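A quick write-up on the structure given underneath.
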Amino acid sequence: MPDAPTAPAPPAPAAAVPDTPPFLPFAVPDIGDEEIAAVLDCLRSGWITTGPRTRQFEHDFAAYLGGAEHAIAVNSATAGLHLALEALGIGPGDEVIVPTMTFTATAEVVRYLGAHPVPVDADPDTLNLDLAAAEAAIGPRTRAIIPVHYAGLACDMARVLALAAAHQLKVVEDAAHAFPTLYQGRLVGTLGSDATVFSFYANKTMTTGEGGMVVTRDADLARRVRLMRIHGISQDAFERYTSTTPAWFYEVVAAGFKYNLTDLAAAIGIEQLRKIDGFSARRQQLAQAYDAGLRDLPLRLPAGPGPGSSHAWHLYVVRLQAGARLGRDELIRRLSERGIGTSVHFIPLHRHPFWRDSCALAPAQFPAAEAAFETMLTLPLYTRMSDADQQRVIGNLRELLT
């Protein structure tokens, strides 16, 4: 009689796998139930493009700045910069001074208008615009200057505005990083430039997903921006479609653009704006904790604000010092292997093939930006980041650099 079949042996227990901590991204938007409910209300309302919520967002944003400014919502800060320069009459053959240490949008909007961006070097301490380099770059065709409030720290706007006045230049502030930022006791957006442009991209201090805001005290400039953001049409869709009397007639009075913000995005923005002071306070806490935890490492920490000023801490950018055990690229790779995301802000304009070739730029023209770029990395900083998450970043930097 054959032997009875034997039951298969149970599988060997799997080897224990150590817990892997979740990946820490460089940035995460802070969206809560309030924003979700606001979007649902907007969807149910039947009006989802530019309409009542966009107008409320504009009103609320202007009120936050003190109420004296016109605020015009647009679908990106890039669009806002383009509209502001167009409204100021920047056109073919003009030159506009921009920092090399910025995202390409700051320069590309100048090209949209047929004008020429003139990149200049960074201040070695703040990484904002080097004003001595900016003054040296002014020529007979220079019409405007675009200071970028790098990482959320305001440029020295008193000097920027004095320089602009001395040379009859227009000033458009690229405040994509700088909400809310104080400069000498006043919020960026109220400092007396021709226009200020904010960003509400997903990784900014507040978000609408995509979006931006143009702020100005110049009523004529505001009217032009409003006209040009929706096809140069004399009457916007909300006015036409919600009128209780026939309102089908409109006129195209300029070759405009399609840069309007939707009510869906504005609904998010209204709720985010209500939270901005709490967001800002949390970013300040995180920046202070980084300062305390990293101060004895071979890192150059970011410059802080001066008296009466504040930093929005959109970015926390460190620079490796001479003698550090690892180079920047290797440190980024090792942190990534440990589940920590970082970034680099920015690859300077003069390093990108398009700007290098079209503007005839060379690294030797930008010694401060070059030195910073070779050693910089941006650490994770976002309002949903827990203290334990941040200590994990600090602990790994300490292990890798000491």
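By order in the structure tokens, chains are A, B, ...; within a chain, residues start at 1; ligands start at 1, following the order shown.
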Inset, instruction - Quick one: everything within 6 Å of segment 53-69 of chain A, counting only C-alpha atoms, minus sequence neighbours fewer than 4 positions away in the same chain. Send it as a ChimeraX atom specification. - result: /A:216-217,263,266-267,270
Write the selection just made, keeping N, CA, C and O atoms, as a PDB file, in the first residue's frame?
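Saved result, result_19.pdb, follows:
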```
ATOM      1  N   THR A 216      -1.522  96.407  -7.100  1.00  0.00           N
ATOM      2  CA  THR A 216      -1.016  97.730  -7.459  1.00  0.00           C
ATOM      3  C   THR A 216      -1.900  98.808  -6.860  1.00  0.00           C
ATOM      4  O   THR A 216      -3.088  98.581  -6.608  1.00  0.00           O
ATOM      5  N   ARG A 217      -1.333  99.982  -6.636  1.00  0.00           N
ATOM      6  CA  ARG A 217      -2.124 101.147  -6.230  1.00  0.00           C
ATOM      7  C   ARG A 217      -2.473 102.026  -7.417  1.00  0.00           C
ATOM      8  O   ARG A 217      -3.192 103.014  -7.258  1.00  0.00           O
ATOM      9  N   ASP A 263     -13.259  80.342 -10.351  1.00  0.00           N
ATOM     10  CA  ASP A 263     -13.868  80.353  -9.021  1.00  0.00           C
ATOM     11  C   ASP A 263     -13.503  79.109  -8.224  1.00  0.00           C
ATOM     12  O   ASP A 263     -13.438  79.156  -6.993  1.00  0.00           O
ATOM     13  N   ALA A 266     -10.290  80.049  -6.760  1.00  0.00           N
ATOM     14  CA  ALA A 266     -10.490  81.131  -5.798  1.00  0.00           C
ATOM     15  C   ALA A 266     -11.132  80.615  -4.513  1.00  0.00           C
ATOM     16  O   ALA A 266     -10.832  81.112  -3.413  1.00  0.00           O
ATOM     17  N   ALA A 267     -12.017  79.620  -4.631  1.00  0.00           N
ATOM     18  CA  ALA A 267     -12.642  79.046  -3.440  1.00  0.00           C
ATOM     19  C   ALA A 267     -11.585  78.476  -2.495  1.00  0.00           C
ATOM     20  O   ALA A 267     -11.673  78.629  -1.265  1.00  0.00           O
ATOM     21  N   ILE A 270      -9.621  81.539  -0.915  1.00  0.00           N
ATOM     22  CA  ILE A 270     -10.322  82.234   0.171  1.00  0.00           C
ATOM     23  C   ILE A 270     -10.051  81.541   1.506  1.00  0.00           C
ATOM     24  O   ILE A 270      -9.767  82.192   2.525  1.00  0.00           O
TER      25      ILE A 270
END
```
Legend entry - Surrounding residues of Lys204 of chain A excluding itself and chain neighbours under 2 positions, 8 Å, only C-alpha atoms, as an MDAnalysis selection string: chainID A and resid 29 176:177 199:202 206:207 314
Okay, now the selection with N, CA and C atoms, as a compact mmCIF listing (two decimals), in the first residue's frame?
```txt
# COMPACT_ATOMS: atom_id res chain seq x y z
N PRO A 29 1.25 70.62 -0.07
CA PRO A 29 0.24 71.64 0.22
C PRO A 29 -0.58 71.26 1.45
N ALA A 176 6.68 85.90 -5.67
CA ALA A 176 6.18 84.53 -5.71
C ALA A 176 6.47 83.78 -4.41
N HIS A 177 7.55 84.19 -3.70
CA HIS A 177 7.95 83.50 -2.47
C HIS A 177 7.52 84.26 -1.21
N SER A 199 2.41 84.40 -6.05
CA SER A 199 2.13 83.08 -6.61
C SER A 199 1.39 82.23 -5.60
N PHE A 200 0.43 81.43 -6.12
CA PHE A 200 -0.30 80.46 -5.30
C PHE A 200 -0.12 79.06 -5.86
N TYR A 201 1.06 78.79 -6.40
CA TYR A 201 1.38 77.45 -6.90
C TYR A 201 1.36 76.46 -5.73
N ALA A 202 1.35 75.17 -6.05
CA ALA A 202 1.10 74.13 -5.05
C ALA A 202 2.10 74.14 -3.90
N MET A 206 0.81 79.71 0.50
CA MET A 206 -0.61 79.36 0.38
C MET A 206 -0.85 79.01 -1.08
N THR A 207 -1.90 78.25 -1.35
CA THR A 207 -2.07 77.73 -2.70
C THR A 207 -3.51 77.82 -3.17
N HIS A 314 9.26 80.53 2.55
CA HIS A 314 8.82 79.62 1.50
C HIS A 314 9.87 78.54 1.28
```
Inset, instruction - Just give me the gap between atom CA of Glu95 of chain A and atom CA of Gly211 of chain A in Å, one decimal is fine. - result: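 Pair atom CA of Glu95 of chain A / atom CA of Gly211 of chain A returns 26.7 Å.
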Inset, instruction - Report the distance between atom CA of Ala178 of chain A and atom CA of Pro353 of chain A in Å, rounded to one decimal place. - result: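 That distance, rounded to one decimal, is 28.1 Å.
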Using DSSP on the backbone, list every residue of segment 39-252 of chain A that comes out as strand (DSSP E), and give them as a short mmCIF file (atom, residue, chain, number, x, y, z; two decimals) with C-alpha atoms, in the first residue's frame.
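File produced: out18.cif:
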```
data_model
loop_
_atom_site.label_atom_id
_atom_site.label_comp_id
_atom_site.auth_asym_id
_atom_site.auth_seq_id
_atom_site.Cartn_x
_atom_site.Cartn_y
_atom_site.Cartn_z
CA HIS A 70 -6.10 96.82 -6.24
CA ALA A 71 -5.80 93.01 -6.36
CA ILE A 72 -6.39 91.18 -9.64
CA ALA A 73 -6.47 87.37 -9.57
CA VAL A 74 -4.79 85.50 -12.42
CA GLU A 95 15.64 96.03 -21.47
CA VAL A 96 14.51 94.75 -18.07
CA ILE A 97 16.93 93.89 -15.27
CA VAL A 98 16.27 90.53 -13.59
CA PRO A 99 18.29 88.39 -11.15
CA HIS A 116 15.32 91.78 -23.46
CA PRO A 117 15.99 90.48 -19.94
CA VAL A 118 19.35 91.48 -18.49
CA PRO A 119 20.32 88.99 -15.74
CA VAL A 120 22.56 90.23 -12.93
CA THR A 142 16.65 99.89 -19.58
CA ARG A 143 12.99 100.46 -18.73
CA ALA A 144 12.28 98.32 -15.69
CA ILE A 145 13.67 96.14 -12.92
CA LYS A 170 9.46 100.86 -13.52
CA VAL A 171 9.52 98.31 -10.68
CA VAL A 172 7.59 95.04 -10.71
CA GLU A 173 8.21 92.91 -7.64
CA ASP A 174 8.30 89.15 -8.17
CA ALA A 175 6.85 88.17 -4.80
CA LEU A 182 7.35 92.31 6.10
CA TYR A 183 9.95 94.84 5.00
CA ARG A 186 5.25 97.03 5.84
CA LEU A 187 3.95 94.04 3.94
CA ALA A 195 3.11 96.33 -9.22
CA THR A 196 3.71 93.27 -7.05
CA VAL A 197 2.94 89.73 -8.22
CA PHE A 198 2.27 86.81 -5.86
CA SER A 199 2.13 83.08 -6.61
CA GLY A 212 -1.45 84.31 -8.76
CA MET A 213 -2.36 87.88 -7.82
CA VAL A 214 -1.31 91.22 -9.27
CA VAL A 215 -1.35 94.02 -6.70
CA THR A 216 -1.02 97.73 -7.46
#
```
Legend entry - Selection: 8 Å around segment 86-89 of chain A, only C-alpha atoms, excl. self and same-chain fewer than 3 positions, as a list in words: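 Counting only the stated atoms, we get His82, Leu83, Leu113, Lys170, Leu221, Arg224 and Val225 of chain A.
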Inset, instruction - Could you give me, as number ranges by chain, the residues within 9 Å of Tyr259 of chain A, counting only C-alpha atoms and dropping anything in the same chain fewer than 4 positions from it? - result: A: 73-76, 79-80, 83, 228-231
Go ahead and save the residues from that selection, with N, CA and C atoms, as an mmCIF file, in the first residue's frame.
```
data_model
loop_
_atom_site.group_PDB
_atom_site.id
_atom_site.type_symbol
_atom_site.label_atom_id
_atom_site.label_comp_id
_atom_site.auth_asym_id
_atom_site.auth_seq_id
_atom_site.Cartn_x
_atom_site.Cartn_y
_atom_site.Cartn_z
ATOM 1 N N ALA A 73 -6.824 88.788 -9.590
ATOM 2 C CA ALA A 73 -6.475 87.371 -9.570
ATOM 3 C C ALA A 73 -6.221 86.863 -10.988
ATOM 4 N N VAL A 74 -5.180 86.071 -11.133
ATOM 5 C CA VAL A 74 -4.793 85.503 -12.425
ATOM 6 C C VAL A 74 -4.444 84.029 -12.237
ATOM 7 N N ASN A 75 -4.230 83.331 -13.356
ATOM 8 C CA ASN A 75 -4.056 81.884 -13.258
ATOM 9 C C ASN A 75 -2.633 81.443 -12.957
ATOM 10 N N SER A 76 -1.695 82.378 -12.848
ATOM 11 C CA SER A 76 -0.336 82.055 -12.415
ATOM 12 C C SER A 76 0.409 83.349 -12.162
ATOM 13 N N ALA A 79 1.687 84.667 -15.464
ATOM 14 C CA ALA A 79 0.707 85.509 -16.149
ATOM 15 C C ALA A 79 0.675 86.899 -15.534
ATOM 16 N N GLY A 80 0.737 86.970 -14.207
ATOM 17 C CA GLY A 80 0.708 88.262 -13.543
ATOM 18 C C GLY A 80 1.882 89.135 -13.901
ATOM 19 N N LEU A 83 1.317 90.408 -17.479
ATOM 20 C CA LEU A 83 0.299 91.451 -17.529
ATOM 21 C C LEU A 83 0.808 92.764 -16.949
ATOM 22 N N MET A 228 -6.811 92.934 -19.932
ATOM 23 C CA MET A 228 -5.959 92.045 -20.722
ATOM 24 C C MET A 228 -5.956 90.605 -20.216
ATOM 25 N N ARG A 229 -6.410 90.378 -18.977
ATOM 26 C CA ARG A 229 -6.377 89.001 -18.481
ATOM 27 C C ARG A 229 -7.464 88.138 -19.125
ATOM 28 N N ILE A 230 -8.512 88.765 -19.724
ATOM 29 C CA ILE A 230 -9.563 87.993 -20.398
ATOM 30 C C ILE A 230 -9.779 88.562 -21.802
ATOM 31 N N HIS A 231 -8.828 88.290 -22.686
ATOM 32 C CA HIS A 231 -8.995 88.526 -24.127
ATOM 33 C C HIS A 231 -9.166 89.985 -24.529
#
```
Inset, instruction - Compare A:Asp357, A:Arg274, A:Pro380, A:Gly269 by their minimum atom-to-atom distance to Ala287 of chain A, counting only C-alpha atoms, and give me the closest one. - result: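 Checking each of A:Asp357, A:Arg274, A:Pro380, A:Gly269 against Ala287 of chain A, counting only C-alpha atoms, the winner is A:Pro380.
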Legend entry - Residue among A:Met101, A:Asn203, A:Asp123, A:Ile268 lying closest to Ala37 of chain A, counting only C-alpha atoms: A:Ile268
